[in-house]
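Following: one structure in structure tokens, then a few remarks.
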Amino acid sequence: MIGNYALELIQKDKRIDERKFDDFRKIEIKQGIIKNAEGSAQVKLGNTEVMVGVKMNAGNPFSDTPDEGTLMVGAELTPLASPDFESGPPGEDAVELARVVDRGLRESKCIDLKKLCIEEGEKVWCVFVDIHIINHQGNLLDAAALGAIAALLDAKIPKIEKDEIKRGDYEGPLPVNFKPVNVTVCKVGDKFLIDPALEEEGIIDTKLSISARDDDKICSLQKQGSKELDVKDLEKMIDMAMKKSKEIRKMLK
Amino acid sequence: MKKSDIKLISNGKRIDGRDLDELRPIEMKVDVIDRANGSAKVRFGDTEAICSVFGPRVLFPKYLQESETGILRCRYNMAPFSVDDRKSPAPDRRSVELSKVIRLCLQPALFLEDFPKVTIDVYIEVLQADGSTRVTGINAASVALADAGVPMKDLVTSCSVGKIDGKLIVDLCGKEDNYGEADMAVAMMPNRKKITLLQMDGILTKEEIMELMDLAVKSCEKIYEKQKKVLKEKYKRVSE
């Protein structure tokens with residue numbers, strides 16, 4: 001099996017696509033690809049491809065935050081992306097993906113939701129970030145999180161005239177304060193690597209997704225995978241993720 | 001109420017009078033549901049979760065069976081009356097995610113490969129919520145699995161840690177969870193010092209995360225003793 005081959009290589013400190021353990025595949029970020037969305041981005045990690053669109057609607061605020069806009073992240077593992085994905089409502093993997101990306105954005109305070117208030121208690125901007133997986137070749141979470149922040153950076157607030165949204169006319173860019181970047185560190189035996197290719201994903205013991213902000217603060221952690229993690233591994237994994245997230249952040253505009 | 005209106009720490013004590021590293025009063029009961037193979041009820045202050053375990057039992061429909069290994073299925077659910085505003089009984093995205101991470105957090109403790117074609121079903125109901133519901137549910141689930149006689153490498157013990165008003169704390173109550181700066185849920189197999197669940201949201205430095213991890217390990221050890229005690233008491237009761 002190709003998974004066993006990938007595992008053999010990792011034990012010999014090699015990878016199936018000849019990368020180093022702390023290398024990402026080639027990262028490509030394209031913004032502004034969907035005309036009808038307020039913001040959009042396409043991210044490629046090697047052959048993994050995700051598309052993220054931001055739509056904004058005027059809506060009611062939550063009762064406990066009457067002066068704040070709302071942020072919602074959804075994800076769909078579209079059946080076109082992999083033979084393993086099926087149509088239907090989002091399953092647990094899609095829900096987890098969306099919620100981890102959501103936490104990374106929300107907790108980093110990358111968007112000041114107070115600036116999205118139109119009329120306190122009545123009307124605020126609701127920002128919807130929707131993630132579409134186009135091609136699944138491993139490491140969907142990092143690609144999706146990167147796509148989400150890239151799409152937000154591209155987003156513009158629509159104009160409102162007489163209570164009606166003028167699509168296509170904009171008041172100005174959506175203010176973004178921080179650029180959270182998510183890096184998932186994988187553990188295979190006693191080796192650590194990032195950006196697993198699809199072949200490598202099947203043999204990972206456990207992984208930890210770490211989302212970090214421009215000021216080196218960490219805004220979300222999520223352990224995944226079915227095996228346990230040593231307490232002493234934690235620091236090493238965080239260091240590895242922080243180093244990489246700094247490099248990736250430079251690509252975000 | 002706005003976030004800034006609430007002072008979570010005054011004179012070094014938390015809103016419910018606890019010290020920073022103090023757990024709420026913990027109650028554990030085992031064998032609380034007759035018809036389950038194993039069950040437990042756990043209370044952390046006002047947070048209460050009940051869990052039952054069915055199995056190992058043959059998995060139907062048959063096409064779901066795995067010929068090489070058994071499977072574990074988990075459901076985490078909050079009762080509609082467990083929170084301030086009624087929660088719709090339909091599964092929401094939060095329970096879907098938590099059911100998944102709880103399954104992956106219990107799985108490393110089990111020998112599923114010894115039970116081909118079989119399922120172990122874990123059902124967690126949160127009856128009353130005041131913060132830290134997932135960790136309370138995990139503590140109950142792990143005791144219930146042991147009560148059902150499922151072979152385990154170790155119990156899984158869980159606790160929440162976090163940061164409020166700039167201070168690192170243990171076992172967050174509802175308000176501390178809502179208005180605090182960060183919360184982190186940790187589950188581990190205490191004897192083996194292995195983490196099986198780690199989730200964090202909020203703003204923390206790496207150093208704070210490492211410090212919180214130490215706090216979590218220490219607190220888990222305390223909870224672990226209680227879990228072992230309640231299981232031992234059950235068998236004492238049976239033998240008398």
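Residues in the structure tokens are named by chain (A, B, ... in the order shown) and by number from 1 within that chain; ligands are numbered from 1 in the order shown.
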
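Every chain B residue lying within 8 Å of chain A, based on only C-alpha atoms, is listed here: Met1, Lys2, Arg93, Val96, Glu97, Lys100, Val101, Leu104, Cys105, Gln107, Pro108, Lys193, Lys194, Ile195, Thr196, Leu197, Leu198, Gln199, Met200, Asp201, Gly202, Ile203, Leu204, Thr205, Lys206, Met210 and Met213 of chain B.
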
Please dump the current selection as an mmCIF file, in the first residue's frame; keep C-alpha atoms.
```cif
data_model
loop_
_atom_site.group_PDB
_atom_site.id
_atom_site.type_symbol
_atom_site.label_atom_id
_atom_site.label_comp_id
_atom_site.auth_asym_id
_atom_site.auth_seq_id
_atom_site.Cartn_x
_atom_site.Cartn_y
_atom_site.Cartn_z
ATOM 1 C CA MET B 1 -24.578 42.015 30.069
ATOM 2 C CA LYS B 2 -21.432 43.169 28.318
ATOM 3 C CA ARG B 93 -22.720 21.873 14.958
ATOM 4 C CA VAL B 96 -21.487 17.118 16.246
ATOM 5 C CA GLU B 97 -17.918 18.344 16.739
ATOM 6 C CA LYS B 100 -16.297 13.440 17.366
ATOM 7 C CA VAL B 101 -13.534 14.774 19.611
ATOM 8 C CA LEU B 104 -11.230 10.257 19.567
ATOM 9 C CA CYS B 105 -10.389 11.111 23.159
ATOM 10 C CA GLN B 107 -10.561 5.591 21.756
ATOM 11 C CA PRO B 108 -6.829 5.487 22.663
ATOM 12 C CA LYS B 193 0.911 11.041 30.833
ATOM 13 C CA LYS B 194 -0.686 10.941 27.383
ATOM 14 C CA ILE B 195 -2.983 13.662 26.100
ATOM 15 C CA THR B 196 -6.052 12.417 24.264
ATOM 16 C CA LEU B 197 -7.953 15.681 23.929
ATOM 17 C CA LEU B 198 -6.664 19.207 23.569
ATOM 18 C CA GLN B 199 -8.779 22.116 22.446
ATOM 19 C CA MET B 200 -8.170 25.764 23.104
ATOM 20 C CA ASP B 201 -9.727 28.995 22.061
ATOM 21 C CA GLY B 202 -8.781 32.447 23.221
ATOM 22 C CA ILE B 203 -5.559 34.387 23.225
ATOM 23 C CA LEU B 204 -2.551 32.837 24.955
ATOM 24 C CA THR B 205 1.218 32.863 24.654
ATOM 25 C CA LYS B 206 3.139 29.634 24.294
ATOM 26 C CA MET B 210 2.678 25.220 28.838
ATOM 27 C CA MET B 213 -0.857 22.181 30.682
#
```

* **Who sits within 12 Å of A:Val52, only C-alpha atoms, same chain under 5 positions skipped, as a PyMOL selection string** => chain A and resi 29-34+37-44+73-76+98+101+128-134+143-155

Output C-alpha atoms for every residue in that selection, as a PDB file, in the first residue's frame.
```pdb
ATOM      1  CA  ILE A  29      -3.062  32.342  -3.038  1.00  0.00           C
ATOM      2  CA  LYS A  30      -5.344  34.122  -5.495  1.00  0.00           C
ATOM      3  CA  GLN A  31      -7.801  36.715  -4.281  1.00  0.00           C
ATOM      4  CA  GLY A  32     -10.818  38.342  -5.876  1.00  0.00           C
ATOM      5  CA  ILE A  33     -11.711  35.379  -8.048  1.00  0.00           C
ATOM      6  CA  ILE A  34     -15.496  35.493  -7.591  1.00  0.00           C
ATOM      7  CA  ALA A  37     -18.795  37.600  -3.539  1.00  0.00           C
ATOM      8  CA  GLU A  38     -17.781  40.483  -1.268  1.00  0.00           C
ATOM      9  CA  GLY A  39     -14.444  38.754  -0.874  1.00  0.00           C
ATOM     10  CA  SER A  40     -12.992  35.537  -2.237  1.00  0.00           C
ATOM     11  CA  ALA A  41      -9.828  33.500  -2.427  1.00  0.00           C
ATOM     12  CA  GLN A  42      -8.472  30.359  -3.973  1.00  0.00           C
ATOM     13  CA  VAL A  43      -5.702  28.601  -2.103  1.00  0.00           C
ATOM     14  CA  LYS A  44      -3.584  25.774  -3.397  1.00  0.00           C
ATOM     15  CA  VAL A  73     -17.986  29.928   8.944  1.00  0.00           C
ATOM     16  CA  GLY A  74     -19.354  27.000   6.960  1.00  0.00           C
ATOM     17  CA  ALA A  75     -17.542  24.277   5.094  1.00  0.00           C
ATOM     18  CA  GLU A  76     -18.568  21.793   2.518  1.00  0.00           C
ATOM     19  CA  ALA A  98     -15.571  24.763   9.809  1.00  0.00           C
ATOM     20  CA  VAL A 101     -11.418  27.677  11.157  1.00  0.00           C
ATOM     21  CA  PHE A 128     -20.548  34.527   6.095  1.00  0.00           C
ATOM     22  CA  VAL A 129     -17.343  32.731   5.245  1.00  0.00           C
ATOM     23  CA  ASP A 130     -18.034  29.649   3.135  1.00  0.00           C
ATOM     24  CA  ILE A 131     -15.327  27.140   2.391  1.00  0.00           C
ATOM     25  CA  HIS A 132     -15.574  24.853  -0.612  1.00  0.00           C
ATOM     26  CA  ILE A 133     -13.123  22.017  -1.012  1.00  0.00           C
ATOM     27  CA  ILE A 134     -12.361  21.627  -4.719  1.00  0.00           C
ATOM     28  CA  ALA A 143      -5.674  25.289   3.258  1.00  0.00           C
ATOM     29  CA  ALA A 144      -9.181  26.216   4.404  1.00  0.00           C
ATOM     30  CA  ALA A 145      -7.965  28.486   7.213  1.00  0.00           C
ATOM     31  CA  LEU A 146      -5.538  30.226   4.871  1.00  0.00           C
ATOM     32  CA  GLY A 147      -8.307  30.652   2.286  1.00  0.00           C
ATOM     33  CA  ALA A 148     -10.651  32.091   4.901  1.00  0.00           C
ATOM     34  CA  ILE A 149      -8.284  34.840   6.053  1.00  0.00           C
ATOM     35  CA  ALA A 150      -7.244  35.579   2.444  1.00  0.00           C
ATOM     36  CA  ALA A 151     -10.905  35.988   1.462  1.00  0.00           C
ATOM     37  CA  LEU A 152     -11.559  38.274   4.449  1.00  0.00           C
ATOM     38  CA  LEU A 153      -8.554  40.405   3.484  1.00  0.00           C
ATOM     39  CA  ASP A 154     -10.085  40.717   0.033  1.00  0.00           C
ATOM     40  CA  ALA A 155     -13.585  41.559   1.319  1.00  0.00           C
TER      41      ALA A 155
END
```

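Comparing the minimum interatomic distances between B:Ser219 and each of B:Lys41, B:Lys13, B:Arg24, B:Lys236, counting only C-alpha atoms, we find that B:Arg24 sits nearest.
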
* **Shell of 10 Å around A:Ile118, only C-alpha atoms, local chain residues under 2 positions omitted, as a PyMOL selection string** => chain A and resi 58-61+67-69+114-116+120-125+160

Selection from above, C-alpha atoms, as a PDB file, in the first residue's frame, can you write it?
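Once written, out-v1.pdb looks like this:
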```
ATOM      1  CA  ALA A  58     -27.548  43.025   6.874  1.00  0.00           C
ATOM      2  CA  GLY A  59     -29.278  41.161   9.702  1.00  0.00           C
ATOM      3  CA  ASN A  60     -30.199  41.141  13.361  1.00  0.00           C
ATOM      4  CA  PRO A  61     -27.499  41.105  16.019  1.00  0.00           C
ATOM      5  CA  ASP A  67     -23.580  46.423  18.853  1.00  0.00           C
ATOM      6  CA  GLU A  68     -21.542  43.731  17.077  1.00  0.00           C
ATOM      7  CA  GLY A  69     -21.731  42.175  13.649  1.00  0.00           C
ATOM      8  CA  LYS A 114     -18.007  46.378  16.631  1.00  0.00           C
ATOM      9  CA  LYS A 115     -17.146  48.147  13.376  1.00  0.00           C
ATOM     10  CA  LEU A 116     -19.807  46.084  11.625  1.00  0.00           C
ATOM     11  CA  GLU A 120     -27.314  49.205  17.525  1.00  0.00           C
ATOM     12  CA  GLY A 121     -29.735  46.438  18.501  1.00  0.00           C
ATOM     13  CA  GLU A 122     -31.407  46.551  15.094  1.00  0.00           C
ATOM     14  CA  LYS A 123     -29.118  45.937  12.192  1.00  0.00           C
ATOM     15  CA  VAL A 124     -25.559  44.691  11.830  1.00  0.00           C
ATOM     16  CA  TRP A 125     -23.426  43.145   9.112  1.00  0.00           C
ATOM     17  CA  ILE A 160     -26.402  50.633   1.917  1.00  0.00           C
TER      18      ILE A 160
END
```

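Surrounding stretch 12-17 of chain A within 12 Å are Ile2, Gly3, Asn4, Tyr5, Ala6, Leu7, Glu8, Phe21, Asp22, Asp23, Phe24, Arg25, Lys26, Gly46, Val188, Gly189, Asp190, Lys191, Phe192, Leu193, Ile194, Asp195, Pro196, Ala197, Leu198, Glu199, Glu200 and Glu201 of chain A, with only C-alpha atoms counted and residues fewer than 4 positions along the same chain left out.
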
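For the set A:Val54, A:Asn135, A:Glu49, A:Asp102, the residue with the smallest atom-to-atom gap to A:Ile157 is A:Val54, counting only C-alpha atoms.
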
* What's the 9 Å shell around stretch 112-128 of chain B, counting only C-alpha atoms, without same-chain residues fewer than 3 positions away, as a count of residues only? -> 50

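Here atom CA of A:Lys243 stands at a distance of 9.6 Å from atom CA of A:Val183.
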
* To do: as a PyMOL selection string, please: all residues of stretch 104-191 of chain A that backbone DSSP puts in strand (DSSP E or B).
  => chain A and resi 111+117-119+123-135+156-161+164-173+176+181-188+191

* Asked: Out of stretch 65-101 of chain A, which residues get helix (DSSP H, G or I) from DSSP, as a ChimeraX atom specification?
  -> /A:92-101

For the residues in that selection, give me C-alpha atoms as a short mmCIF file (atom, residue, chain, number, x, y, z; two decimals), in the first residue's frame.
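Result saved to part-v3.cif:
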```cif
data_model
loop_
_atom_site.label_atom_id
_atom_site.label_comp_id
_atom_site.auth_asym_id
_atom_site.auth_seq_id
_atom_site.Cartn_x
_atom_site.Cartn_y
_atom_site.Cartn_z
CA GLU A 92 -18.67 15.53 11.38
CA ASP A 93 -15.45 16.14 9.46
CA ALA A 94 -16.89 19.15 7.61
CA VAL A 95 -18.39 20.50 10.83
CA GLU A 96 -15.10 20.13 12.70
CA LEU A 97 -13.19 21.81 9.86
CA ALA A 98 -15.57 24.76 9.81
CA ARG A 99 -15.58 25.14 13.56
CA VAL A 100 -11.79 25.04 13.90
CA VAL A 101 -11.42 27.68 11.16
#
```
